[in-house]
Structures are given as C-alpha cells and as structure tokens.
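*Asks:* Coordinates in query_2.txt, compact mmCIF, C-alpha atoms, are listed below.
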```txt
# COMPACT_ATOMS: atom_id res chain seq x y z
CA ILE A 10 63.07 -19.76 -10.30
CA ALA A 11 60.11 -21.40 -12.03
CA VAL A 12 60.94 -24.24 -14.41
CA ASP A 13 58.59 -25.13 -17.28
CA ASP A 14 55.18 -23.83 -18.33
CA ASP A 15 53.04 -25.12 -15.47
CA ALA A 16 55.39 -23.70 -12.81
CA VAL A 17 55.34 -20.29 -14.49
CA ARG A 18 51.53 -20.46 -14.74
CA PHE A 19 51.39 -21.19 -10.99
CA MET A 20 53.61 -18.22 -10.19
CA LEU A 21 51.51 -15.91 -12.36
CA ASP A 22 48.29 -17.04 -10.67
CA HIS A 23 49.42 -17.63 -7.09
CA GLY A 24 53.02 -16.45 -6.67
CA LYS A 25 52.29 -13.25 -4.75
CA SER A 26 49.83 -14.89 -2.37
CA VAL A 27 52.20 -17.78 -1.63
CA PHE A 28 55.62 -16.07 -1.65
CA GLY A 29 54.82 -12.36 -1.41
CA PRO A 30 56.36 -9.75 -3.74
CA ARG A 31 59.44 -11.64 -4.82
CA PRO A 32 61.41 -11.45 -8.08
CA VAL A 33 60.61 -14.39 -10.33
CA PHE A 34 62.93 -15.96 -12.88
CA PHE A 35 62.04 -18.78 -15.24
CA CYS A 36 63.30 -21.21 -17.84
CA GLY A 37 61.75 -23.91 -19.99
CA ILE A 38 58.71 -21.97 -21.24
CA ASN A 39 57.51 -23.49 -24.52
CA ALA A 40 54.38 -21.41 -25.17
CA PRO A 41 55.14 -17.91 -26.57
CA PRO A 42 51.89 -16.36 -25.19
CA LEU A 43 52.85 -17.52 -21.69
CA ALA A 44 56.34 -16.05 -22.11
CA MET A 45 54.84 -12.69 -23.08
CA GLU A 46 52.47 -12.80 -20.09
CA ALA A 47 55.40 -13.57 -17.78
CA GLU A 48 57.36 -10.68 -19.25
CA ARG A 49 54.44 -8.29 -18.70
CA ALA A 50 54.27 -9.46 -15.08
CA GLY A 51 57.92 -8.49 -14.61
CA PHE A 52 59.36 -12.00 -14.69
CA LYS A 53 62.72 -12.51 -16.38
CA GLY A 54 64.16 -15.69 -17.79
CA VAL A 55 64.82 -17.95 -20.74
CA VAL A 56 62.26 -19.02 -23.33
CA GLU A 57 62.83 -22.55 -24.60
CA THR A 58 63.01 -23.00 -28.36
CA ILE A 59 62.93 -26.35 -30.10
CA ASP A 60 63.26 -27.03 -33.81
CA PRO A 61 60.85 -29.81 -34.78
CA ARG A 62 61.12 -29.01 -38.49
CA SER A 63 64.87 -29.67 -38.60
CA THR A 64 64.48 -32.87 -36.59
CA LEU A 65 61.66 -34.12 -38.79
CA ASP A 66 63.45 -33.23 -42.05
CA ALA A 67 66.55 -35.10 -40.85
CA ALA A 68 64.43 -38.11 -39.90
CA LEU A 69 62.66 -38.11 -43.26
CA ARG A 70 65.99 -38.07 -45.09
CA LEU A 71 67.20 -41.02 -43.03
CA HIS A 72 63.94 -42.94 -43.55
CA PRO A 73 62.77 -42.41 -47.18
CA SER A 74 59.74 -44.68 -46.79
CA ALA A 75 58.34 -42.83 -43.76
CA SER A 76 55.00 -41.10 -44.27
CA ARG A 77 53.49 -41.23 -40.78
CA VAL A 78 54.72 -39.48 -37.62
CA VAL A 79 53.44 -40.47 -34.19
CA LEU A 80 53.94 -37.96 -31.37
CA LEU A 81 54.00 -39.33 -27.83
CA THR A 82 53.05 -36.55 -25.43
CA ASP A 83 50.79 -35.57 -22.54
CA SER A 84 48.22 -32.85 -21.87
CA THR A 85 50.43 -30.66 -19.70
CA ALA A 86 50.98 -27.07 -20.84
CA THR A 87 54.37 -28.10 -22.20
CA GLY A 88 52.88 -31.06 -24.05
CA ARG A 89 50.22 -28.89 -25.69
CA ALA A 90 52.76 -26.23 -26.68
CA VAL A 91 55.12 -28.75 -28.28
CA GLU A 92 52.24 -30.37 -30.19
CA GLN A 93 51.21 -26.96 -31.52
CA GLN A 94 54.74 -26.24 -32.71
CA ILE A 95 54.84 -29.55 -34.59
CA GLN A 96 51.45 -28.92 -36.18
CA THR A 97 52.70 -25.53 -37.36
CA VAL A 98 55.78 -26.86 -39.18
CA LEU A 99 54.11 -29.82 -40.94
CA PRO A 100 53.26 -27.89 -44.15
CA SER A 101 56.89 -26.80 -44.56
CA LEU A 102 58.49 -30.24 -44.31
CA SER A 103 60.49 -31.67 -47.21
CA ARG A 104 57.63 -34.07 -47.96
CA LYS A 105 54.08 -34.63 -46.78
CA VAL A 106 53.49 -36.75 -43.69
CA THR A 107 50.51 -37.45 -41.49
CA LEU A 108 50.69 -36.74 -37.77
CA GLU A 109 49.02 -38.83 -35.09
CA VAL A 110 49.12 -37.78 -31.44
CA PHE A 111 49.10 -40.35 -28.63
CA SER A 112 48.46 -38.45 -25.41
CA GLU A 113 48.64 -39.90 -21.91
CA LEU A 114 48.27 -43.56 -22.79
CA THR A 115 49.26 -46.21 -20.28
CA LEU A 116 52.34 -48.29 -21.03
CA PRO A 117 50.27 -51.40 -21.90
CA GLU A 118 48.16 -49.28 -24.25
CA LEU A 119 51.28 -47.90 -25.91
CA GLU A 120 52.79 -51.36 -26.27
CA GLU A 121 49.63 -52.52 -28.03
CA LYS A 122 49.76 -49.50 -30.37
CA PHE A 123 53.40 -50.23 -31.22
CA LYS A 124 52.43 -53.62 -32.65
CA ALA A 125 50.64 -51.90 -35.55
CA PHE A 126 53.62 -49.71 -36.51
CA ASP A 127 55.44 -50.45 -39.77
CA ASP A 128 58.39 -49.02 -41.71
CA ARG A 129 56.31 -46.02 -42.74
CA THR A 130 56.12 -44.86 -39.10
CA LEU A 131 58.46 -42.54 -37.20
CA VAL A 132 58.05 -41.81 -33.50
CA LEU A 133 58.61 -38.43 -31.84
CA MET A 134 59.27 -38.62 -28.11
CA GLY A 135 57.63 -35.45 -26.83
CA PRO A 136 57.15 -34.27 -23.23
CA MET A 137 55.35 -37.40 -22.14
CA THR A 138 55.61 -37.62 -18.37
CA ARG A 139 52.02 -38.24 -17.27
CA SER A 140 49.48 -40.95 -18.07
CA HIS A 141 45.71 -40.50 -18.34
CA ASN A 142 45.24 -41.45 -14.68
CA GLY A 143 47.64 -38.74 -13.51
CA VAL A 144 50.61 -41.03 -12.77
CA THR A 145 53.91 -39.29 -13.45
CA THR A 146 56.95 -41.14 -14.77
CA ASP A 147 60.63 -40.24 -14.85
CA TYR A 148 61.29 -38.86 -18.31
CA ARG A 149 64.53 -40.70 -19.00
CA THR A 150 63.04 -43.97 -17.82
CA LEU A 151 60.03 -43.52 -20.08
CA THR A 152 62.14 -42.55 -23.10
CA HIS A 153 64.23 -45.68 -22.59
CA TRP A 154 61.09 -47.80 -22.24
CA VAL A 155 59.60 -46.47 -25.48
CA SER A 156 62.84 -46.99 -27.40
CA THR A 157 63.13 -50.52 -26.05
CA HIS A 158 59.55 -51.58 -26.80
CA CYS A 159 59.06 -49.80 -30.13
CA ASP A 160 60.71 -51.36 -33.20
CA GLN A 161 60.48 -48.15 -35.23
CA PRO A 162 62.95 -45.22 -35.03
CA VAL A 163 62.38 -42.79 -32.15
CA TYR A 164 63.46 -39.15 -32.39
CA GLY A 165 63.49 -36.42 -29.77
CA PHE A 166 63.87 -32.72 -29.06
CA TRP A 167 66.20 -32.50 -26.04
CA ARG A 168 69.83 -33.38 -25.52
CA PHE A 169 69.22 -35.39 -22.35
CA GLN A 170 67.29 -37.94 -24.43
CA ILE A 171 70.52 -39.07 -26.11
CA GLY A 172 71.66 -42.32 -24.55
CA GLU A 173 68.10 -43.40 -23.77
CA GLY A 174 67.47 -44.99 -27.18
CA ILE A 175 66.47 -42.13 -29.47
CA VAL A 176 68.18 -41.83 -32.85
CA GLY A 177 68.73 -38.11 -32.38
CA GLY A 178 67.62 -34.83 -33.95
CA ARG A 179 68.28 -31.14 -33.48
CA LEU A 180 68.32 -31.21 -29.71
CA ALA A 181 67.86 -28.32 -27.30
CA ASP A 182 70.14 -28.17 -24.25
CA LEU A 183 68.12 -27.71 -21.05
CA GLU A 184 71.28 -27.35 -18.96
CA GLU A 185 72.18 -24.31 -21.06
CA GLN A 186 68.75 -22.81 -20.38
CA GLY A 187 69.09 -23.39 -16.64
CA SER A 188 72.53 -21.81 -16.67
CA LEU A 189 71.24 -18.71 -18.47
CA ALA A 190 68.35 -18.35 -15.99
CA GLY A 191 70.79 -18.76 -13.11
CA LYS A 192 72.99 -15.98 -14.51
CA LEU A 193 70.01 -13.62 -14.65
CA ALA A 194 69.21 -14.37 -11.00
CA TYR A 195 72.89 -13.90 -10.11
CA GLN A 196 72.93 -10.49 -11.81
CA TYR A 197 69.85 -9.43 -9.85
CA LEU A 198 71.35 -10.58 -6.56
CA HIS A 199 74.46 -8.53 -7.34
CA GLY A 200 72.59 -5.28 -7.78
CA ILE A 201 71.21 -5.14 -11.31
CA PRO A 202 67.51 -4.09 -11.20
CA MET A 203 64.92 -6.43 -12.70
CA GLY A 204 63.96 -3.73 -15.19
CA ASP A 205 67.48 -3.76 -16.63
CA LEU A 206 67.53 -7.51 -17.20
CA GLN A 207 66.42 -8.99 -20.51
CA THR A 208 64.45 -12.18 -21.13
CA GLN A 209 66.41 -14.39 -23.51
CA TYR A 210 65.57 -17.00 -26.12
CA ALA A 211 67.62 -20.19 -25.87
CA SER A 212 69.35 -21.58 -28.93
CA GLU A 213 67.43 -24.19 -30.90
CA GLY A 214 70.16 -26.72 -30.22
CA LYS A 215 72.57 -28.81 -32.24
CA TYR A 216 72.24 -31.86 -34.43
CA ILE A 217 73.19 -34.84 -32.28
CA PHE A 218 72.76 -38.50 -33.23
CA ASP A 219 73.44 -41.75 -31.41
CA TYR A 220 75.84 -43.79 -33.54
CA ALA A 221 74.60 -47.08 -32.09
CA GLN A 222 71.01 -46.24 -33.03
CA LEU A 223 72.00 -45.18 -36.55
CA GLN A 224 73.32 -48.69 -37.14
```
As structure tokens, please, write out the structure in this file.
*Replies:*
Amino acid sequence: IAVDDDAVRFMLDHGKSVFGPRPVFFCGINAPPLAMEAERAGFKGVVETIDPRSTLDAALRLHPSASRVVLLTDSTATGRAVEQQIQTVLPSLSRKVTLEVFSELTLPELEEKFKAFDDRTLVLMGPMTRSHNGVTTDYRTLTHWVSTHCDQPVYGFWRFQIGEGIVGGRLADLEEQGSLAGKLAYQYLHGIPMGDLQTQYASEGKYIFDYAQLQ
C-alpha cells in the first residue's frame, strides 16, 4: 500500500524491480494525472480530495478585512498538487484575494516573515513537512509551531490538524482514506480480482472548527 504522491510515483517507476509483480494499492494521491497513471498501471486505491474553496470562503466570511492568503507548503509532489488546486479556485472565491506561497523556508525564516503579517493576512497550513535543506519535520509539531508563532489566523485542509492551533476549515479525513484503501486490499486478499475493484474518490470532508481558536 503506497501512501501519498511520492510513494505512488516510486511504485510506478521502481515497484516491479524492487518488489516484483505485486498488487499495489494506494491512498492520499492529490494529483489527478498521477491517479490516472496509477489506474492505467493496474493500481487500485483512494484519491484524496480537498476543498480549498470552501475553506477559503469560510475564512473570508470570518475575517472580512482579509485580502491576502499565505500558503505554507513544500516542493514535494503533494505540496505542488495542493498549491495547484488552490490556484485553480482563486477566481471563484467570494471576493478577490492575493496568494503568496512560502515554500520550504526554515523556521527562523518563517518567524521573520510572520512579523510583517497584519489583519489582512490569512495563513493556509499546507503539506509543509520539508525545509529547503531537506530536513523533514513532524507535521503535527510543525502545525503547532506555526499556530503558536503566527499571530494571524491559520486554516488547514485535514482533520488531524484540529487541536494543533488551526481555526478549522472543510477538513478531509485521512483515516477514512486509509480505511477505504485497506478495504480494497482486504477484498483482493479474499478473492476479488484486481480488475473487479474500483478506485474511489474520498469525500471532501466536513466543516470542523476549533472553538478555542474561534474566540
């Protein structure tokens, strides 16, 4: 079972040489072209869907003075796919905002950037797990750090970010995606051929907000 875009890319490029002809399941793919390539290769799994437009519209209603959105992300395949999804929905938002992307900055660099933020700024906590020098950081720890050091509201895309300082949003449930992928693998192991299994699209999540952060 390959989890997230880079793992699926690895299995497409090297899976047969490393593991031999094995069935491959996946979850957490954010890039639709990669999902289609995986499907053509015979992989089965769950395509992740997030809803940045709903999260941003909710944030803009809660913060009427906001006109600038800063996305914190990295240059992994997942980071690039999420950034592209956000860029796509910008024209359809309830009001015009500018988007700035901070990719793979160090924590001191981020802290310095935060000092220039004002009430017109909202922060989106994207899939930022790697700095420019390749150092990886635990996602929950980093989300908590950003929320603690940034005075402006921080929004997210995934349910596990709740409790780490984000205000909220329409949040996708990664546990649900893992469960669906596991069920596909279970069905295969109990005799259902790969060709009879169907790749699924996960739900776009539910609106969840942290009451303490809303205060």
*Asks:* Would you pick out the contacts of region 155-165 of chain A at 9 Å or less, using all atoms listed in the file, so that residues sharing its chain but fewer than 3 positions from it are not included, and give the list as a PyMOL selection string?
*Replies:* chain A and resi 61+64-65+68+72+116+119-120+123-124+126-135+150-152+168+170-171+173-180+222
*Asks:* Using only C-alpha atoms, please write the residues we just selected to a file, as a PDB file, keeping the file's coordinate frame.
*Replies:*
```pdb
ATOM      1  CA  PRO A  61      60.850 -29.810 -34.780  1.00  0.00           C
ATOM      2  CA  THR A  64      64.480 -32.870 -36.590  1.00  0.00           C
ATOM      3  CA  LEU A  65      61.660 -34.120 -38.790  1.00  0.00           C
ATOM      4  CA  ALA A  68      64.430 -38.110 -39.900  1.00  0.00           C
ATOM      5  CA  HIS A  72      63.940 -42.940 -43.550  1.00  0.00           C
ATOM      6  CA  LEU A 116      52.340 -48.290 -21.030  1.00  0.00           C
ATOM      7  CA  LEU A 119      51.280 -47.900 -25.910  1.00  0.00           C
ATOM      8  CA  GLU A 120      52.790 -51.360 -26.270  1.00  0.00           C
ATOM      9  CA  PHE A 123      53.400 -50.230 -31.220  1.00  0.00           C
ATOM     10  CA  LYS A 124      52.430 -53.620 -32.650  1.00  0.00           C
ATOM     11  CA  PHE A 126      53.620 -49.710 -36.510  1.00  0.00           C
ATOM     12  CA  ASP A 127      55.440 -50.450 -39.770  1.00  0.00           C
ATOM     13  CA  ASP A 128      58.390 -49.020 -41.710  1.00  0.00           C
ATOM     14  CA  ARG A 129      56.310 -46.020 -42.740  1.00  0.00           C
ATOM     15  CA  THR A 130      56.120 -44.860 -39.100  1.00  0.00           C
ATOM     16  CA  LEU A 131      58.460 -42.540 -37.200  1.00  0.00           C
ATOM     17  CA  VAL A 132      58.050 -41.810 -33.500  1.00  0.00           C
ATOM     18  CA  LEU A 133      58.610 -38.430 -31.840  1.00  0.00           C
ATOM     19  CA  MET A 134      59.270 -38.620 -28.110  1.00  0.00           C
ATOM     20  CA  GLY A 135      57.630 -35.450 -26.830  1.00  0.00           C
ATOM     21  CA  THR A 150      63.040 -43.970 -17.820  1.00  0.00           C
ATOM     22  CA  LEU A 151      60.030 -43.520 -20.080  1.00  0.00           C
ATOM     23  CA  THR A 152      62.140 -42.550 -23.100  1.00  0.00           C
ATOM     24  CA  ARG A 168      69.830 -33.380 -25.520  1.00  0.00           C
ATOM     25  CA  GLN A 170      67.290 -37.940 -24.430  1.00  0.00           C
ATOM     26  CA  ILE A 171      70.520 -39.070 -26.110  1.00  0.00           C
ATOM     27  CA  GLU A 173      68.100 -43.400 -23.770  1.00  0.00           C
ATOM     28  CA  GLY A 174      67.470 -44.990 -27.180  1.00  0.00           C
ATOM     29  CA  ILE A 175      66.470 -42.130 -29.470  1.00  0.00           C
ATOM     30  CA  VAL A 176      68.180 -41.830 -32.850  1.00  0.00           C
ATOM     31  CA  GLY A 177      68.730 -38.110 -32.380  1.00  0.00           C
ATOM     32  CA  GLY A 178      67.620 -34.830 -33.950  1.00  0.00           C
ATOM     33  CA  ARG A 179      68.280 -31.140 -33.480  1.00  0.00           C
ATOM     34  CA  LEU A 180      68.320 -31.210 -29.710  1.00  0.00           C
ATOM     35  CA  GLN A 222      71.010 -46.240 -33.030  1.00  0.00           C
TER      36      GLN A 222
END
```
*Asks:* Any idea what the distance is between CA of Phe166 (chain A) and CA of Ala181 (chain A)?
*Replies:*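 Separating CA of Phe166 (chain A) from CA of Ala181 (chain A) is a distance of 6.2 Å.
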*Asks:* Have a look at A:Asp13, A:Glu185, A:Asp60, A:Asp147 and name the one nearest to Gly37 (chain A); count all atoms listed in the file.
*Replies:* A:Asp13
*Asks:* Kindly provide the residues of region 55-126 of chain A that approach region 187-208 of chain A to within 12 Å, each paired with its closest atom pair and their distance in Å to one decimal, based on all atoms listed in the file, listed by chain and increasing number, as CSV.
*Replies:*
```
residue,atom,partner,partner_atom,distance
A:Val55,CA,A:Thr208,CA,5.8
A:Val56,CA,A:Thr208,CA,7.5
A:Glu57,CA,A:Gly187,CA,10.2
```
*Asks:* I'd like the interatomic distance between CA of Leu223 (chain A) and CA of Leu71 (chain A), to a tenth of an Å.
*Replies:*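 Interatomic distance here is 9.1 Å.
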*Asks:* Let me have the centre and edge lengths in Å, one decimal, of the box along x, y and z around every listed atom of region 18-35 of chain A with 5 Å of margin on each side, as lines of an AutoDock Vina configuration file.
*Replies:*
```
center_x = 55.6
center_y = -15.5
center_z = -8.3
size_x = 24.6
size_y = 21.4
size_z = 23.8
```
*Asks:* One decimal, in Å: what's the spacing between CA of Ile38 (chain A) and CA of Asp14 (chain A)?
*Replies:*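 Interatomic distance, CA of Ile38 (chain A) to CA of Asp14 (chain A): 4.9 Å.
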*Asks:* Quick one: residues within 9 Å of Gly88 (chain A), all atoms listed in the file, excluding same-chain residues fewer than 4 positions away - as a list in words?
*Replies:*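 Near neighbours after the sequence-gap exclusion: Asn39, Thr82, Asp83, Ser84, Glu92, Gln93, Ser112, Gly135, Pro136 and Met137 of chain A.
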*Asks:* Which residue gives the smallest distance to Gln96 (chain A) among A:Arg62, A:Arg77, A:Lys122, A:Arg49, with all atoms listed in the file counted?
*Replies:*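 Once distances to Gln96 (chain A) are computed over all atoms listed in the file, the minimum belongs to A:Arg62.
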*Asks:* Please determine, counting all atoms listed in the file, which residue among A:Ala40, A:Ala47, A:Ile95, A:Ile10 has the shortest atom-to-atom distance to Phe28 (chain A).
*Replies:*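 Result for the nearest residue to Phe28 (chain A): A:Ile10.
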*Asks:* Counting all atoms listed in the file, which residue out of A:Gln224, A:Thr87, A:Gln209, A:Thr138 sits closest to Leu43 (chain A)?
*Replies:*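 Checking each candidate against Leu43 (chain A), we get A:Thr87 as the closest.
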